[in-house]
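One structure is given below, encoded as structure tokens.
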Amino acid sequence: MTCAIEVRDVYRQFQHGGGFAHASYAVRAVDGVTFSLSAGDVLGIVGESGCGKSTLGRLIAGLLPPSAGEVLVDGRSLARLDRRERARLIQPVFQDPFSSLNPRQRIRDIVRLPLMAQGELPKSQQMDRVMEMLARVGISGEMAERMPSQLSGGQRQRVAIARALVLRPRIVVCDEPTSALDVSVQAQILNLLAELRRELGLTYVFISHNLAVVEHIATEVAVMYLGRIVEHAPTQDLFRAPMHPYTNALLASVLTPDPALGIPDVGLGDTYPDPANIPPGCRFHPRCPSAFADCKTTAPDDIHRDGRLVECLLTVAHAGSRQQTHSAGN
Amino acid sequence: MTASTPEPVLSVAGLRVSFRQTEAVRGVSLAVGRGETHCVVGESGCGKSISALSVMNLLPRGAIRTADHIRFQGQDLLKLSETQFARLRGDKIAMIFQEPMTSLNPAYTIGSQMSEVFERHRRATRRQAMDRAAELLARVGITAPGMRLGQYPHQLSGGLRQRVMIAMALMCDPELLIADEPTTALDVTVQAQILRLLQKLQQELGLALLLITHDFGVVARMAQRVSVMYAGEVIESGTAADLFAAPTHPYTRGLLECIPVPGQVAPGERLGSIPGAVPRIAPGFVGCGFRERCALATPECARAVPKRAAGGDHSYLCRLQPDWKRDAAA
């Protein structure tokens with residue numbers, strides 16, 4: 001089976017500053033990411049703001065070229081595909097449905113635009129395809145005549161999904177698709193995305209800061225920290241037995257609606273991650289509650305344990321005991 | 001009022017706020033006692049922020065506010081002139097907003113913004129005010145407060161800025177702190193830190209805390225009392241323990257089912273969701289604001305809705321009896 005997406009040692013830097021009397025500096029937004037995703041799976045990418053998850057999403061969707069490394073979609077390098085071919089394979093859905101839709105176009109024209117740009121489907125059939133797609137995401141024919149400003153946030157996100165799917169792509173990169181929505185509407189959109197995936201056999205890359213949402217929709221989860229994936233595992237394994245201290249902290253800080261529990265002490269201290277100034281050694285060590293001396297000097301790159309990527313020296317140190325408890329759990 | 005808090009710090013009764021075409025708040029009553037956290041929770045557009053702003057007398061132009069009373073420590077806030085109110089604001093009543101970047105002035109240092117409040121309300125010298133500011137920065141867990149006082153907001157991370165906002169709110173020892181979505185713009189790990197800090201300060205200082213949020217996780221972990229708002233009304237209120245043990249209004253129940261909780265929804269299972277979106281309430285609206293989205297609505301719901309007691313302080317606005325869940329299940 002071919003991989004839907006293959007990301008090979010991808011880097012992306014941004015140059016900042018460099019104005020008068022200021023030295024320029026590089027922000028390493030994505031700093032050596034490798035993974036592959038099988039067709040039909042959903043990869044959830046989680047992490048705090050500034051961890052590079054959106055940049056990684058843009059690299060995968062081909063909206064941004066990598067500084068180094070290669071992204072393959074359906075076995076073909078994104079760099080060698082032209083824009084139209086790429087658009088037929090992979091499509092993005094963004095966070096804010098208020099700014100991702102052209103405010104001066106009718107809904108049906110917004111969804112039709114990708115078809116017009118491709119120019120393959122005869123004009124007479126384009127509108128049928130648009131209306132069919134809109135109906136599928138729950139937008140009525142009457143609503144298709146309206147402008148984006150006349151729609152609610154949830155309806156706009158449905159339109160954005162219809163626009164992404166109208167070319168029948170294989171892969172959709174969703175960047176925080178429900179973060180701007182209320183919980184009741186968020187649930188509608190998550191359910192819709194899950195249905196569409198089953199019906200159309202889609203592959204998703206689902207970027208979110210909300211772990212509960214990711215657990216619900218993803219089949220595997222990648223936890224990002226300062227530009228690298230620090231843990232990558234099947235969803236159930238990751239939530240049942242997180243191995244990286246950062247994953248642990250993220251899981252501990254999810255506030256479930258349970259009044260018997262107080263506010264958790266995440267134990268990360270007061271240092272905040274800065275992608276312009278990535279610490280040497282393990283990039284998480286200044287915040288890590290279980291860091292030891294080696295963490296300051298040795299970068300725990302590409303450490304695998306029990307078939308999952310865990311970039312933490314502790315996994316090596318405690319390998320024996322961990323492995324036992326883990327295989328018992330499986 | 002409950003017997004344990006004979007004189008609440010803040011008591012609001014029958015608050016109504018309307019804009020030209022919209023009734024934003026329709027008869028909200030709530031009370032916050034000393035050392036108590038009262039959470040107002042609801043989706044966007046439900047009127048929770050407008051309610052908070054009307055207590056502060058900070059409503060946007062064009063808003064019309066009426067109320068049976070808004071009392072703060074026995075003083076009727078409705079009778080105060082703007083000058084008298086300005087003396088109270090930032091002194092005995094303080095407020096924290098969602099977006100710490102936009103609520104801090106980017107052109108002034110942290111120290112100068114913090115000391116302004118103190119100089120103004122306490123007629124203190126700049127020197128005394130700076131000392132007080134440094135003391136509070138240390139109290140909210142900021143290391144090297146002396147250095148931070150000389151910095152500008154853009155030099156601080158989001159979590160630090162929100163700590164500064166909290167410290168600034170506490171400059172004059174307020175009795176009542178109104179926090180409007182104080183952690184919504186922050187990462188989950190930082191959110192947990194800020195909420196812990198708020199809880200600790202509240203207990204130490206005996207603050208009355210009115211916390212506005214859309215997040216039931218925050219409510220469950222922070223609140224003693226909860227008011228759930230929908231379409232400008234408090235549709236359910238009670239102690240956090242009662243409300244989470246037996247949510248009774250169909251909206252509260254529906255909303256709680258929409259929230260994905262790690263480990264509780266099996267993969268592939270649909271999340272509960274509420275169809276439609278929050279309605280806009282025009283002047284002259286009668287009946288239940290939720291009826292168009294409610295699966296249990298009958299023609300009766302278009303008439304005035306009774307307020308029912310569900311035991312203790314727990315009350316809700318609905319035609320259904322408190323034990324409707326059993327009837328519905330049967």
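Residue numbering restarts at 1 for every chain of the structure tokens, chains are lettered A, B, ... in their displayed order, and ligands are numbered from 1 as they appear.
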
If you take only C-alpha atoms and a cut-off of 9 Å, which residues of chain A touch chain B, and what are their nearest atom pairs and distances in Å to one decimal, in chain and number order, as a Markdown table?
```
| residue | atom | partner | partner_atom | distance |
| --- | --- | --- | --- | --- |
| A:Gly47 | CA | B:Asp187 | CA | 8.8 |
| A:Glu48 | CA | B:Asp187 | CA | 5.7 |
| A:Ser49 | CA | B:Asp187 | CA | 6.7 |
| A:Ser152 | CA | B:Ala277 | CA | 7.3 |
| A:Gly153 | CA | B:Ala277 | CA | 8.9 |
| A:Gly154 | CA | B:Ala277 | CA | 7.9 |
| A:Leu181 | CA | B:Ser44 | CA | 8.7 |
| A:Asp182 | CA | B:Glu43 | CA | 5.8 |
| A:Val183 | CA | B:Cys258 | CA | 6.3 |
| A:Ser184 | CA | B:Ile274 | CA | 5.4 |
| A:Val185 | CA | B:Ser273 | CA | 7.1 |
| A:Gln186 | CA | B:Cys258 | CA | 8.0 |
| A:Ala187 | CA | B:Ser273 | CA | 5.3 |
| A:Gln188 | CA | B:Ser273 | CA | 5.7 |
| A:Leu190 | CA | B:Leu271 | CA | 7.9 |
| A:Asn191 | CA | B:Arg270 | CA | 5.9 |
| A:Ala194 | CA | B:Gly268 | CA | 7.5 |
| A:His209 | CA | B:Asp187 | CA | 7.6 |
| A:Asn210 | CA | B:Val188 | CA | 8.1 |
| A:Leu211 | CA | B:Pro262 | CA | 7.6 |
| A:Ala212 | CA | B:Pro262 | CA | 5.1 |
| A:Val213 | CA | B:Pro260 | CA | 6.1 |
| A:Glu215 | CA | B:Pro262 | CA | 6.5 |
| A:His216 | CA | B:Pro267 | CA | 6.0 |
| A:Ile217 | CA | B:Pro267 | CA | 7.1 |
| A:Ala218 | CA | B:Pro267 | CA | 8.4 |
| A:Thr219 | CA | B:Pro267 | CA | 8.3 |
| A:Gln236 | CA | B:Gly263 | CA | 8.6 |
| A:Phe239 | CA | B:Gly263 | CA | 7.7 |
| A:Arg240 | CA | B:Gly263 | CA | 8.2 |
| A:Ala249 | CA | B:Thr189 | CA | 7.2 |
| A:Leu250 | CA | B:Thr189 | CA | 6.3 |
| A:Leu251 | CA | B:Pro262 | CA | 8.8 |
| A:Ala252 | CA | B:Thr189 | CA | 8.3 |
| A:Ser253 | CA | B:Thr189 | CA | 5.4 |
| A:Val254 | CA | B:Val188 | CA | 6.7 |
| A:Leu255 | CA | B:Gly217 | CA | 4.7 |
| A:Thr256 | CA | B:Gly217 | CA | 4.7 |
| A:Pro257 | CA | B:Gly217 | CA | 4.1 |
| A:Asp258 | CA | B:Ala220 | CA | 5.4 |
| A:Pro259 | CA | B:Ala220 | CA | 4.2 |
| A:Ala260 | CA | B:Arg221 | CA | 7.5 |
| A:Leu261 | CA | B:Arg221 | CA | 6.1 |
| A:Gly262 | CA | B:Arg221 | CA | 5.0 |
| A:Ile263 | CA | B:Arg221 | CA | 5.8 |
| A:Pro264 | CA | B:Ala192 | CA | 6.4 |
| A:Asp265 | CA | B:Ala192 | CA | 7.1 |
| A:Val266 | CA | B:Thr189 | CA | 6.7 |
| A:Gly267 | CA | B:Gln193 | CA | 8.7 |
| A:Leu268 | CA | B:Thr189 | CA | 7.8 |
| A:Gly269 | CA | B:Gln193 | CA | 8.8 |
| A:Asp270 | CA | B:Ile142 | CA | 8.0 |
| A:Tyr272 | CA | B:Ser157 | CA | 7.4 |
```

Atoms kept (N, CA and C atoms) for selection, written as a short mmCIF file (atom, residue, chain, number, x, y, z; two decimals), in the first residue's frame:
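This is the output file result10.cif:
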```cif
data_model
loop_
_atom_site.label_atom_id
_atom_site.label_comp_id
_atom_site.auth_asym_id
_atom_site.auth_seq_id
_atom_site.Cartn_x
_atom_site.Cartn_y
_atom_site.Cartn_z
N GLY A 47 0.11 20.55 19.58
CA GLY A 47 1.22 21.28 20.17
C GLY A 47 0.76 22.68 20.50
N GLU A 48 1.62 23.41 21.22
CA GLU A 48 1.26 24.75 21.63
C GLU A 48 1.47 25.73 20.48
N SER A 49 1.01 26.96 20.67
CA SER A 49 1.22 27.94 19.60
C SER A 49 2.72 28.18 19.44
N SER A 152 -23.61 31.84 9.36
CA SER A 152 -22.98 31.73 10.68
C SER A 152 -21.61 31.07 10.54
N GLY A 153 -20.83 31.09 11.61
CA GLY A 153 -19.48 30.51 11.58
C GLY A 153 -19.48 29.05 11.17
N GLY A 154 -20.42 28.28 11.71
CA GLY A 154 -20.49 26.86 11.38
C GLY A 154 -20.81 26.65 9.91
N LEU A 181 -15.02 28.04 16.45
CA LEU A 181 -16.45 27.74 16.55
C LEU A 181 -16.85 27.43 17.99
N ASP A 182 -18.13 27.62 18.27
CA ASP A 182 -18.66 27.24 19.57
C ASP A 182 -18.73 25.72 19.69
N VAL A 183 -18.73 25.23 20.93
CA VAL A 183 -18.69 23.78 21.12
C VAL A 183 -19.82 23.04 20.42
N SER A 184 -21.05 23.59 20.47
CA SER A 184 -22.16 22.86 19.86
C SER A 184 -21.95 22.77 18.36
N VAL A 185 -21.39 23.80 17.76
CA VAL A 185 -21.15 23.81 16.31
C VAL A 185 -19.90 22.99 15.98
N GLN A 186 -18.91 23.05 16.86
CA GLN A 186 -17.70 22.25 16.68
C GLN A 186 -18.05 20.77 16.52
N ALA A 187 -18.98 20.30 17.37
CA ALA A 187 -19.36 18.90 17.30
C ALA A 187 -20.01 18.58 15.94
N GLN A 188 -20.83 19.50 15.42
CA GLN A 188 -21.44 19.28 14.10
C GLN A 188 -20.36 19.11 13.04
N LEU A 190 -17.13 18.33 13.40
CA LEU A 190 -16.33 17.11 13.58
C LEU A 190 -17.08 15.89 13.07
N ASN A 191 -18.38 15.84 13.37
CA ASN A 191 -19.17 14.71 12.88
C ASN A 191 -19.21 14.69 11.35
N ALA A 194 -15.93 13.46 9.94
CA ALA A 194 -15.79 12.01 10.11
C ALA A 194 -16.63 11.26 9.06
N HIS A 209 -4.91 22.44 18.62
CA HIS A 209 -4.30 22.53 19.93
C HIS A 209 -5.16 21.79 20.94
N ASN A 210 -6.33 21.33 20.50
CA ASN A 210 -7.28 20.71 21.42
C ASN A 210 -7.13 19.19 21.38
N LEU A 211 -6.56 18.63 22.44
CA LEU A 211 -6.26 17.20 22.46
C LEU A 211 -7.51 16.35 22.42
N ALA A 212 -8.57 16.81 23.06
CA ALA A 212 -9.80 16.02 23.09
C ALA A 212 -10.37 15.88 21.69
N VAL A 213 -10.31 16.97 20.93
CA VAL A 213 -10.80 16.94 19.55
C VAL A 213 -9.95 15.99 18.71
N GLU A 215 -8.16 13.46 19.77
CA GLU A 215 -8.39 12.07 20.15
C GLU A 215 -9.63 11.54 19.47
N HIS A 216 -10.61 12.42 19.32
CA HIS A 216 -11.87 11.98 18.73
C HIS A 216 -11.74 11.64 17.26
N ILE A 217 -10.96 12.43 16.51
CA ILE A 217 -10.99 12.26 15.06
C ILE A 217 -9.78 11.52 14.49
N ALA A 218 -8.64 11.55 15.20
CA ALA A 218 -7.41 11.05 14.60
C ALA A 218 -7.21 9.55 14.83
N THR A 219 -6.54 8.90 13.89
CA THR A 219 -6.14 7.51 14.10
C THR A 219 -4.72 7.43 14.65
N GLN A 236 -4.87 5.68 20.36
CA GLN A 236 -5.23 5.04 21.63
C GLN A 236 -4.00 4.80 22.50
N PHE A 239 -2.84 8.16 24.07
CA PHE A 239 -3.67 8.68 25.16
C PHE A 239 -3.65 7.74 26.35
N ARG A 240 -3.51 6.44 26.10
CA ARG A 240 -3.51 5.50 27.21
C ARG A 240 -2.18 5.55 27.95
N ALA A 249 2.40 16.31 30.00
CA ALA A 249 1.99 17.63 30.48
C ALA A 249 0.78 18.13 29.69
N LEU A 250 0.80 17.93 28.38
CA LEU A 250 -0.34 18.36 27.56
C LEU A 250 -1.61 17.65 27.99
N LEU A 251 -1.50 16.34 28.19
CA LEU A 251 -2.68 15.58 28.59
C LEU A 251 -3.17 16.01 29.96
N ALA A 252 -2.22 16.31 30.85
CA ALA A 252 -2.61 16.70 32.21
C ALA A 252 -3.32 18.04 32.21
N SER A 253 -3.04 18.89 31.22
CA SER A 253 -3.63 20.22 31.27
C SER A 253 -4.98 20.30 30.58
N VAL A 254 -5.46 19.19 30.03
CA VAL A 254 -6.83 19.20 29.47
C VAL A 254 -7.82 19.27 30.62
N LEU A 255 -8.70 20.27 30.58
CA LEU A 255 -9.68 20.42 31.65
C LEU A 255 -10.98 19.75 31.24
N THR A 256 -11.20 18.55 31.75
CA THR A 256 -12.47 17.88 31.47
C THR A 256 -13.53 18.47 32.39
N PRO A 257 -14.80 18.45 31.96
CA PRO A 257 -15.84 19.04 32.82
C PRO A 257 -16.17 18.14 34.00
N ASP A 258 -15.26 18.04 34.93
CA ASP A 258 -15.46 17.21 36.10
C ASP A 258 -15.21 18.05 37.35
N PRO A 259 -16.29 18.43 38.05
CA PRO A 259 -16.12 19.36 39.19
C PRO A 259 -15.38 18.74 40.37
N ALA A 260 -15.20 17.43 40.37
CA ALA A 260 -14.48 16.82 41.49
C ALA A 260 -12.98 17.08 41.39
N LEU A 261 -12.51 17.45 40.21
CA LEU A 261 -11.08 17.66 40.02
C LEU A 261 -10.77 19.15 40.04
N GLY A 262 -9.60 19.49 40.57
CA GLY A 262 -9.19 20.89 40.60
C GLY A 262 -8.41 21.25 39.35
N ILE A 263 -7.73 22.39 39.41
CA ILE A 263 -6.87 22.78 38.30
C ILE A 263 -5.55 22.02 38.44
N PRO A 264 -5.15 21.30 37.41
CA PRO A 264 -3.94 20.49 37.54
C PRO A 264 -2.68 21.32 37.61
N ASP A 265 -1.68 20.79 38.32
CA ASP A 265 -0.36 21.41 38.32
C ASP A 265 0.45 20.71 37.25
N VAL A 266 0.67 21.41 36.14
CA VAL A 266 1.31 20.78 34.99
C VAL A 266 2.80 20.62 35.23
N GLY A 267 3.36 21.46 36.07
CA GLY A 267 4.77 21.31 36.45
C GLY A 267 5.75 21.68 35.35
N LEU A 268 5.37 22.62 34.48
CA LEU A 268 6.28 23.00 33.39
C LEU A 268 7.09 24.24 33.71
N GLY A 269 6.85 24.87 34.85
CA GLY A 269 7.63 26.06 35.19
C GLY A 269 7.23 27.26 34.36
N ASP A 270 8.03 28.30 34.44
CA ASP A 270 7.65 29.58 33.83
C ASP A 270 8.43 29.92 32.58
N TYR A 272 9.02 29.87 28.72
CA TYR A 272 8.17 29.62 27.58
C TYR A 272 9.03 29.31 26.37
#
```

List as a ChimeraX atom specification the protein and nucleic acid residues near segment 168-170 of chain A, meaning an atom at most 7 Å away when only C-alpha atoms are counted, but skip any in the same chain fewer than 3 places from it. /A:88-91,165,202-203

Emit the selected residues as an mmCIF file, in the first residue's frame, including C-alpha atoms.
```
data_model
loop_
_atom_site.group_PDB
_atom_site.id
_atom_site.type_symbol
_atom_site.label_atom_id
_atom_site.label_comp_id
_atom_site.auth_asym_id
_atom_site.auth_seq_id
_atom_site.Cartn_x
_atom_site.Cartn_y
_atom_site.Cartn_z
ATOM 1 C CA ARG A 88 -6.479 17.861 -7.284
ATOM 2 C CA LEU A 89 -4.588 15.765 -4.758
ATOM 3 C CA ILE A 90 -4.531 17.821 -1.602
ATOM 4 C CA GLN A 91 -6.638 20.675 -0.265
ATOM 5 C CA LEU A 165 -13.755 18.735 -1.516
ATOM 6 C CA LEU A 202 -10.277 10.691 2.515
ATOM 7 C CA THR A 203 -6.989 11.041 4.338
#
```

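The spacing separating atom CA of Leu10 of chain B from atom CA of Gly45 of chain B amounts to 23.2 Å.
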
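If you count only C-alpha atoms and ignore residues fewer than 3 places along the chain from segment 284-289 of chain B, what sits within 7 Å of it is Ala231, Ile281, Cys301, Ala302, Arg303, Ala304 and Val305 of chain B.
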
Within 7 Å of segment 32-46 of chain A using only C-alpha atoms, minus same-chain residues under 4 positions, as a JSON list (two decimals) with C-alpha atoms, in the first residue's frame:
```
[["chain", "number", "residue", "atom", "x", "y", "z"],
["A", 2, "THR", "CA", 1.41, 3.38, -0.95],
["A", 3, "CYS", "CA", 1.62, 6.11, 1.59],
["A", 4, "ALA", "CA", -0.76, 9.00, 1.10],
["A", 5, "ILE", "CA", 1.80, 11.37, 2.55],
["A", 6, "GLU", "CA", 5.49, 10.94, 3.12],
["A", 7, "VAL", "CA", 7.46, 13.70, 4.79],
["A", 8, "ARG", "CA", 11.22, 13.18, 4.57],
["A", 9, "ASP", "CA", 13.43, 15.15, 6.92],
["A", 10, "VAL", "CA", 11.73, 18.46, 6.24],
["A", 11, "TYR", "CA", 13.04, 21.80, 7.50],
["A", 53, "LYS", "CA", 2.27, 22.73, 13.50],
["A", 201, "GLY", "CA", -12.17, 7.54, 1.63],
["A", 202, "LEU", "CA", -10.28, 10.69, 2.52],
["A", 203, "THR", "CA", -6.99, 11.04, 4.34],
["A", 204, "TYR", "CA", -6.77, 13.92, 6.83],
["A", 205, "VAL", "CA", -3.98, 15.82, 8.43],
["A", 206, "PHE", "CA", -5.78, 17.41, 11.36],
["A", 207, "ILE", "CA", -3.94, 20.20, 13.17],
["A", 208, "SER", "CA", -5.29, 21.32, 16.52],
["A", 209, "HIS", "CA", -4.30, 22.53, 19.93],
["A", 211, "LEU", "CA", -6.26, 17.20, 22.46],
["A", 214, "VAL", "CA", -7.75, 15.20, 18.13],
["A", 218, "ALA", "CA", -7.41, 11.05, 14.60],
["A", 219, "THR", "CA", -6.14, 7.51, 14.10],
["A", 220, "GLU", "CA", -2.60, 8.53, 14.98],
["A", 221, "VAL", "CA", -1.18, 11.55, 16.77],
["A", 222, "ALA", "CA", 2.04, 13.51, 16.38],
["A", 223, "VAL", "CA", 2.97, 15.81, 19.26],
["A", 224, "MET", "CA", 5.09, 18.75, 18.14],
["A", 228, "ARG", "CA", 10.03, 18.65, 15.91],
["A", 229, "ILE", "CA", 7.65, 15.76, 16.39]]
```

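Within 10 Å of segment 19-22 of chain B there are Val25, Pro60, Arg61, Gly62, Ala63, Ile64, Arg65, Gly232, Arg280, Ile281, Ala282, Pro283, Gly284 and Phe285 of chain B, counting only C-alpha atoms and ignoring same-chain residues fewer than 3 positions away.
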
Hey, can you spit out that residue selection with N, CA and C atoms as a JSON list (two decimals), in the first residue's frame?
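Heads up, here's the output in out.json:
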```
[["chain", "number", "residue", "atom", "x", "y", "z"],
["B", 25, "VAL", "N", -29.24, 41.06, 26.48],
["B", 25, "VAL", "CA", -29.39, 40.48, 27.81],
["B", 25, "VAL", "C", -30.84, 40.66, 28.23],
["B", 60, "PRO", "N", -20.78, 49.40, 25.11],
["B", 60, "PRO", "CA", -20.54, 50.23, 23.92],
["B", 60, "PRO", "C", -21.67, 51.24, 23.74],
["B", 61, "ARG", "N", -21.37, 52.29, 23.00],
["B", 61, "ARG", "CA", -22.37, 53.33, 22.76],
["B", 61, "ARG", "C", -23.58, 52.73, 22.05],
["B", 62, "GLY", "N", -24.75, 53.20, 22.38],
["B", 62, "GLY", "CA", -25.94, 52.70, 21.72],
["B", 62, "GLY", "C", -26.62, 51.59, 22.49],
["B", 63, "ALA", "N", -25.96, 51.09, 23.55],
["B", 63, "ALA", "CA", -26.58, 50.05, 24.35],
["B", 63, "ALA", "C", -27.48, 50.70, 25.40],
["B", 64, "ILE", "N", -28.65, 50.10, 25.61],
["B", 64, "ILE", "CA", -29.55, 50.61, 26.64],
["B", 64, "ILE", "C", -29.59, 49.58, 27.77],
["B", 65, "ARG", "N", -29.26, 50.04, 28.98],
["B", 65, "ARG", "CA", -29.20, 49.12, 30.11],
["B", 65, "ARG", "C", -30.28, 49.46, 31.12],
["B", 232, "GLY", "N", -29.26, 35.49, 25.90],
["B", 232, "GLY", "CA", -29.50, 36.62, 26.78],
["B", 232, "GLY", "C", -30.13, 36.29, 28.12],
["B", 280, "ARG", "N", -30.61, 35.33, 16.95],
["B", 280, "ARG", "CA", -30.58, 36.73, 17.35],
["B", 280, "ARG", "C", -31.97, 37.07, 17.88],
["B", 281, "ILE", "N", -32.01, 37.66, 19.04],
["B", 281, "ILE", "CA", -33.31, 37.91, 19.67],
["B", 281, "ILE", "C", -33.74, 39.35, 19.38],
["B", 282, "ALA", "N", -34.82, 39.50, 18.62],
["B", 282, "ALA", "CA", -35.33, 40.83, 18.30],
["B", 282, "ALA", "C", -36.22, 41.32, 19.44],
["B", 283, "PRO", "N", -36.39, 42.65, 19.57],
["B", 283, "PRO", "CA", -37.28, 43.15, 20.62],
["B", 283, "PRO", "C", -38.67, 42.54, 20.47],
["B", 284, "GLY", "N", -39.30, 42.25, 21.59],
["B", 284, "GLY", "CA", -40.64, 41.69, 21.54],
["B", 284, "GLY", "C", -40.67, 40.18, 21.46],
["B", 285, "PHE", "N", -39.51, 39.53, 21.53],
["B", 285, "PHE", "CA", -39.44, 38.06, 21.47],
["B", 285, "PHE", "C", -40.08, 37.47, 22.73]]
```

Quick one: DSSP strand (DSSP E) residues in segment 177-317 of chain A, as a PyMOL selection string? chain A and resi 203-208+220-225+228-234+304-305+308-310
